[in-house]
Amino acid sequence: MMPTWPTASPPQGVPPSNGYTATYPVPAFTPVRVRQTFGQSYSAPQPSYPTAHPYGPAQSPPPVPTNFQSSAASPPTADEQPRKKVEWPDSVRSYVQRSFFPANMDPAVSREEMEAKLKETIMRASEDNVLYSIAWENMPLPQQIIKQEREERAKALAYSAQAQPLYTNAPVAISKKRKSTDLEDVANLSITPPWRTGQGARLEDRVTFSKDKRQATEESADNTSKLNKYEKRQKRFNGGYVSTYRSPSPPPGDGPVVGTCEKLEKNYLRLTAPPKPENVRPPRVLKNTLELLKKKWKNDQNYAYICDQFKSMRQDLTVQRVRDDFTVEVYEIHARIALEKGDLGEYNQCQTQLKALYKLGLEGKANEFKAYRILYFIHTANRTDLNSVLADLTPAEKKDKAIKHALDVRSSLALGNYHRFFQLYNETPNMGAYLMDMFVGRERLAALCNICKAYKPDVPLRFVTEELYFESDLEAAQFISDNGGQDLLQEKDGTIVILTGKAGQTFESHKAKAFARVDIKGQI
């Protein structure tokens, strides 16, 4: 007969039952006492296998240790129960809707700030159990609360700055420059609502931040302390602490300024603040000023004074938003004077404003200044804008004398017909000759290069004088000498000639330099 082993112990955590018997050919497990501490020596008990009758009474299982912890999962606690859905009162819902009405929105407060403040307000009321007792219809909107917080913060900063002594034993550093951290402090300032009476902690105080966020916060605090030490050391050498509070500048008015100044002459000053009526001349005074400036320009020709006075007039017209025929006249006269003196910067400013004024349908010399515009783009070699101007011309405008002349100038240069170009240069209407004077030198160099290639071995200087429209032979000879051709001028049979056969590449380098890109301040 095969021997039997003692009864096996029931699984851990299951209480033994009476009459529990089992027989196994080998032991199922060996009971081991749970180790209490790490310093305790451990020795496994040796199993004993007493001989028992196969049909004898069941052996009692080994005792379970008193300190044995059951591994079975404990039932969920009350905190782990699923949260119940919060039912918000109708007054709270109405308060939220009123906060986001377009009529109640404030551009100075962003939507993100409103949502954060709205959530904070409602959560505080819920935590204090006053959600149903607050008169939400009388509660300030979140944007109003944010603006009130900013005002309180500004007042607090101003008061602390005024109360700070110049020299103290332990001074508090006040930065002369406004830092981004100061703006964040103003934006994040919280004012306790009037209905909050509890002393409970805020929701944000109970939030546990992650390790990365806490580390970033500590690093920013270290950087701020270093900056404060640096600023404190700077202020010690600057002679004490100075308040950084600045009163806000008054906002500009919505409507135009109505001038009350009666002075005819006034220097031009760039505006750094909203203009005052007592410093601005009304249109009736400006008309008298224009007549005075016309007389002074005719008699004195003092461009620096005239330009300053015209800029002052243009400024007074701009701040009063005056756009009429008189405004067009002022800009046209200033543009002509600037063109006469070669001041392309002021000319371009006037030309730009005149283009906008002509689009309003105001009367003026629109065709004259369109012709100037074409010649100007020829001077700057701006083919893109030149094509745009040509595309906008109407058939009636193309028949205008000044515009037709400008178009002929462009056509002669495109064809390389220098003979026709210099004829047009001699017949320029209005003040277009001042613009052509700016690029006639390079066209003379180009024509001279072509003459040297076409006429060999020499050509009379008088021919060049007449062909390139110089005032005299002396002026033509000076032009050739200035561009490296002094060795090409010789006297032959009592006539001064140019040795075109020996010219070669003498004028080519000067031509390339003359046709370099033109870059002008105030370009249209």
# chains A, B, ... in the order shown; residues from 1 in each chain; ligands from 1
$ residues_around --residues "A:Lys511" --least-positions-apart "2" --cutoff "9 Å" --atoms "only C-alpha atoms" --output "PDB file with C-alpha atoms, in the first residue's frame"
ATOM      1  CA  ARG A 442      24.452 108.695 -68.736  1.00  0.00           C
ATOM      2  CA  GLU A 443      22.550 108.910 -72.030  1.00  0.00           C
ATOM      3  CA  LEU A 445      27.874 108.495 -72.444  1.00  0.00           C
ATOM      4  CA  ALA A 446      25.822 105.807 -74.196  1.00  0.00           C
ATOM      5  CA  CYS A 449      30.048 105.053 -77.184  1.00  0.00           C
ATOM      6  CA  PHE A 507      33.974 105.265 -72.325  1.00  0.00           C
ATOM      7  CA  GLU A 508      32.490 101.783 -71.664  1.00  0.00           C
ATOM      8  CA  SER A 509      33.523 101.558 -68.003  1.00  0.00           C
ATOM      9  CA  LYS A 513      28.992 102.893 -63.738  1.00  0.00           C
ATOM     10  CA  ALA A 514      26.490 105.541 -64.860  1.00  0.00           C
ATOM     11  CA  PHE A 515      23.819 102.904 -65.529  1.00  0.00           C
ATOM     12  CA  ALA A 516      24.135 101.334 -62.068  1.00  0.00           C
TER      13      ALA A 516
END
$ residues_around --residues "A:Gly361" --least-positions-apart "3" --cutoff "12 Å" --atoms "only C-alpha atoms" --output "CSV table (one decimal) with all heavy atoms, in the first residue's frame"
chain,number,residue,atom,x,y,z
A,323,ARG,N,-8.5,117.9,-46.8
A,323,ARG,CA,-8.2,117.4,-48.1
A,323,ARG,C,-9.1,118.1,-49.1
A,323,ARG,O,-10.3,117.6,-49.4
A,323,ARG,CB,-8.4,115.9,-48.2
A,323,ARG,CG,-7.4,115.1,-47.4
A,323,ARG,CD,-7.5,113.6,-47.6
A,323,ARG,NE,-6.4,112.9,-47.0
A,323,ARG,CZ,-6.2,111.6,-47.2
A,323,ARG,NH1,-7.0,110.9,-48.0
A,323,ARG,NH2,-5.2,111.0,-46.6
A,324,ASP,N,-8.6,119.1,-49.7
A,324,ASP,CA,-9.4,119.9,-50.7
A,324,ASP,C,-8.5,120.4,-51.8
A,324,ASP,O,-7.3,120.0,-51.9
A,324,ASP,CB,-10.2,121.0,-50.0
A,324,ASP,CG,-9.3,121.9,-49.2
A,324,ASP,OD1,-8.1,121.8,-49.3
A,324,ASP,OD2,-9.8,122.7,-48.4
A,325,ASP,N,-9.0,121.3,-52.6
A,325,ASP,CA,-8.2,121.8,-53.7
A,325,ASP,C,-7.0,122.6,-53.2
A,325,ASP,O,-5.9,122.6,-53.8
A,325,ASP,CB,-9.1,122.7,-54.6
A,325,ASP,CG,-10.2,121.9,-55.3
A,325,ASP,OD1,-10.0,120.7,-55.4
A,325,ASP,OD2,-11.2,122.5,-55.8
A,328,VAL,N,-4.2,120.3,-52.5
A,328,VAL,CA,-3.5,119.9,-53.7
A,328,VAL,C,-2.5,121.0,-54.2
A,328,VAL,O,-1.4,120.7,-54.6
A,328,VAL,CB,-4.6,119.5,-54.8
A,328,VAL,CG1,-3.9,119.3,-56.1
A,328,VAL,CG2,-5.4,118.4,-54.4
A,354,LEU,N,0.0,113.4,-53.7
A,354,LEU,CA,-0.8,113.9,-54.8
A,354,LEU,C,-1.5,112.8,-55.5
A,354,LEU,O,-2.6,113.0,-56.0
A,354,LEU,CB,0.1,114.7,-55.8
A,354,LEU,CG,0.6,116.1,-55.4
A,354,LEU,CD1,1.6,116.6,-56.3
A,354,LEU,CD2,-0.6,117.0,-55.3
A,355,LYS,N,-0.9,111.7,-55.6
A,355,LYS,CA,-1.5,110.5,-56.3
A,355,LYS,C,-2.8,110.1,-55.5
A,355,LYS,O,-3.8,109.8,-56.1
A,355,LYS,CB,-0.5,109.4,-56.3
A,355,LYS,CG,-1.1,108.1,-57.0
A,355,LYS,CD,-0.1,107.0,-57.0
A,355,LYS,CE,-0.7,105.7,-57.6
A,355,LYS,NZ,0.3,104.6,-57.6
A,356,ALA,N,-2.7,110.1,-54.2
A,356,ALA,CA,-3.9,109.8,-53.4
A,356,ALA,C,-5.0,110.9,-53.5
A,356,ALA,O,-6.2,110.6,-53.5
A,356,ALA,CB,-3.5,109.6,-51.9
A,357,LEU,N,-4.5,112.2,-53.5
A,357,LEU,CA,-5.5,113.3,-53.6
A,357,LEU,C,-6.2,113.3,-55.0
A,357,LEU,O,-7.4,113.6,-55.1
A,357,LEU,CB,-4.8,114.6,-53.4
A,357,LEU,CG,-4.3,114.8,-51.9
A,357,LEU,CD1,-3.4,116.1,-51.9
A,357,LEU,CD2,-5.4,114.9,-50.9
A,358,TYR,N,-5.5,113.0,-56.1
A,358,TYR,CA,-6.1,113.0,-57.4
A,358,TYR,C,-7.1,111.9,-57.5
A,358,TYR,O,-8.1,112.0,-58.2
A,358,TYR,CB,-5.0,112.7,-58.5
A,358,TYR,CG,-4.1,113.9,-58.7
A,358,TYR,CD1,-2.7,113.7,-59.0
A,358,TYR,CD2,-4.6,115.2,-58.5
A,358,TYR,CE1,-1.9,114.8,-59.2
A,358,TYR,CE2,-3.7,116.3,-58.7
A,358,TYR,CZ,-2.4,116.1,-59.0
A,358,TYR,OH,-1.5,117.2,-59.2
A,364,GLY,N,-6.6,119.6,-60.0
A,364,GLY,CA,-5.1,119.9,-59.9
A,364,GLY,C,-4.5,119.6,-61.3
A,364,GLY,O,-5.2,119.4,-62.3
A,365,LYS,N,-3.2,119.6,-61.3
A,365,LYS,CA,-2.4,119.4,-62.5
A,365,LYS,C,-2.0,117.9,-62.6
A,365,LYS,O,-0.9,117.5,-62.5
A,365,LYS,CB,-1.2,120.2,-62.6
A,365,LYS,CG,-1.5,121.7,-62.4
A,365,LYS,CD,-2.3,122.3,-63.6
A,365,LYS,CE,-2.5,123.8,-63.4
A,365,LYS,NZ,-3.3,124.3,-64.6
A,366,ALA,N,-3.0,117.0,-62.7
A,366,ALA,CA,-2.8,115.6,-62.6
A,366,ALA,C,-1.9,115.1,-63.8
A,366,ALA,O,-1.0,114.3,-63.6
A,366,ALA,CB,-4.1,114.8,-62.6
$ atom_distance --atom1 "atom CA of A:Asn387" --atom2 "atom CA of A:Glu329"
27.6 Å
$ select_by_dssp --residues "stretch 249-308 of chain A" --states "helix (DSSP H, G or I)" --output "count of residues only"
27
$ residues_around --residues "stretch 265-268 of chain A" --least-positions-apart "3" --cutoff "12 Å" --atoms "only C-alpha atoms" --output "compact mmCIF listing (two decimals) with N, CA and C atoms, in the first residue's frame"
# COMPACT_ATOMS: atom_id res chain seq x y z
N CYS A 261 -4.19 128.81 -34.18
CA CYS A 261 -2.98 129.63 -34.28
C CYS A 261 -3.13 130.65 -35.41
N GLU A 262 -2.69 131.89 -35.17
CA GLU A 262 -2.82 132.96 -36.16
C GLU A 262 -1.48 133.36 -36.77
N LEU A 271 6.05 115.69 -34.72
CA LEU A 271 5.14 115.51 -33.61
C LEU A 271 5.55 114.31 -32.77
N ASN A 279 -1.33 125.44 -31.46
CA ASN A 279 -0.11 125.36 -32.28
C ASN A 279 -0.40 124.99 -33.73
N VAL A 280 -1.67 124.92 -34.10
CA VAL A 280 -2.06 124.52 -35.45
C VAL A 280 -2.79 125.68 -36.12
N ARG A 281 -2.40 125.98 -37.36
CA ARG A 281 -3.03 127.07 -38.10
C ARG A 281 -4.22 126.56 -38.91
N VAL A 285 -5.72 130.79 -42.41
CA VAL A 285 -4.39 131.35 -42.13
C VAL A 285 -3.36 130.73 -43.07
N LEU A 286 -3.51 129.44 -43.38
CA LEU A 286 -2.56 128.78 -44.25
C LEU A 286 -2.60 129.35 -45.67
N LYS A 287 -3.75 129.81 -46.11
CA LYS A 287 -3.84 130.43 -47.45
C LYS A 287 -3.01 131.71 -47.50
N ASN A 288 -3.06 132.50 -46.44
CA ASN A 288 -2.21 133.70 -46.38
C ASN A 288 -0.73 133.33 -46.31
N THR A 289 -0.45 132.24 -45.60
CA THR A 289 0.94 131.78 -45.52
C THR A 289 1.47 131.38 -46.88
N LEU A 290 0.64 130.71 -47.68
CA LEU A 290 1.07 130.27 -49.01
C LEU A 290 1.43 131.47 -49.89
N GLU A 291 0.62 132.52 -49.85
CA GLU A 291 0.93 133.71 -50.66
C GLU A 291 2.23 134.36 -50.20
N LEU A 292 2.46 134.36 -48.88
CA LEU A 292 3.70 134.93 -48.36
C LEU A 292 4.91 134.13 -48.82
N LEU A 293 4.80 132.79 -48.81
CA LEU A 293 5.92 131.95 -49.21
C LEU A 293 6.22 132.07 -50.70
N LYS A 296 8.32 135.19 -51.04
CA LYS A 296 9.67 135.02 -50.49
C LYS A 296 10.52 134.11 -51.38
N ALA A 304 16.13 126.18 -47.98
CA ALA A 304 16.04 125.58 -46.64
C ALA A 304 14.86 126.17 -45.86
N TYR A 305 14.69 127.49 -45.93
CA TYR A 305 13.58 128.14 -45.22
C TYR A 305 12.24 127.76 -45.86
N ILE A 306 12.16 127.79 -47.19
CA ILE A 306 10.91 127.50 -47.88
C ILE A 306 10.47 126.05 -47.64
N CYS A 307 11.43 125.12 -47.70
CA CYS A 307 11.10 123.71 -47.48
C CYS A 307 10.58 123.49 -46.06
N ASP A 308 11.20 124.13 -45.07
CA ASP A 308 10.75 123.99 -43.68
C ASP A 308 9.33 124.54 -43.50
N GLN A 309 9.05 125.67 -44.12
CA GLN A 309 7.72 126.27 -43.99
C GLN A 309 6.65 125.42 -44.70
N PHE A 310 6.98 124.87 -45.86
CA PHE A 310 6.01 124.03 -46.57
C PHE A 310 5.74 122.73 -45.81
N LYS A 311 6.75 122.17 -45.19
CA LYS A 311 6.53 120.96 -44.39
C LYS A 311 5.65 121.26 -43.19
N SER A 312 5.81 122.44 -42.61
CA SER A 312 4.95 122.84 -41.50
C SER A 312 3.51 123.02 -41.97
N MET A 313 3.32 123.59 -43.16
CA MET A 313 1.97 123.73 -43.71
C MET A 313 1.33 122.37 -43.97
N ARG A 314 2.09 121.46 -44.54
CA ARG A 314 1.56 120.13 -44.81
C ARG A 314 1.18 119.41 -43.52
N GLN A 315 1.97 119.61 -42.48
CA GLN A 315 1.64 118.99 -41.19
C GLN A 315 0.34 119.54 -40.61
N ASP A 316 0.15 120.86 -40.69
CA ASP A 316 -1.10 121.45 -40.17
C ASP A 316 -2.31 120.97 -40.96
$ residues_around --residues "A:Ser388" --least-positions-apart "6" --cutoff "12 Å" --atoms "only C-alpha atoms" --output "ChimeraX atom specification"
/A:370,373-374,377,382
$ write_last_selection --atoms "N, CA, C and O atoms" --output "compact mmCIF listing (two decimals), in the first residue's frame"
# COMPACT_ATOMS: atom_id res chain seq x y z
N LYS A 370 1.71 113.26 -63.76
CA LYS A 370 1.86 111.92 -64.32
C LYS A 370 3.03 111.87 -65.29
O LYS A 370 3.75 110.87 -65.36
N ARG A 373 6.05 111.65 -63.32
CA ARG A 373 6.16 110.29 -62.77
C ARG A 373 6.82 109.34 -63.78
O ARG A 373 7.66 108.51 -63.42
N ILE A 374 6.44 109.47 -65.05
CA ILE A 374 7.04 108.63 -66.09
C ILE A 374 8.53 108.93 -66.23
O ILE A 374 9.37 108.01 -66.29
N PHE A 377 10.52 107.43 -63.32
CA PHE A 377 10.76 105.99 -63.42
C PHE A 377 11.80 105.68 -64.50
O PHE A 377 12.51 104.67 -64.40
N ASN A 382 13.13 101.95 -63.23
CA ASN A 382 12.14 101.10 -62.58
C ASN A 382 11.10 100.69 -63.62
O ASN A 382 10.06 101.32 -63.79
$ closest_residue --among "A:Thr327, A:Thr428, A:Thr495, A:Gln349" --to "A:Ala371" --atoms "only C-alpha atoms"
A:Thr428
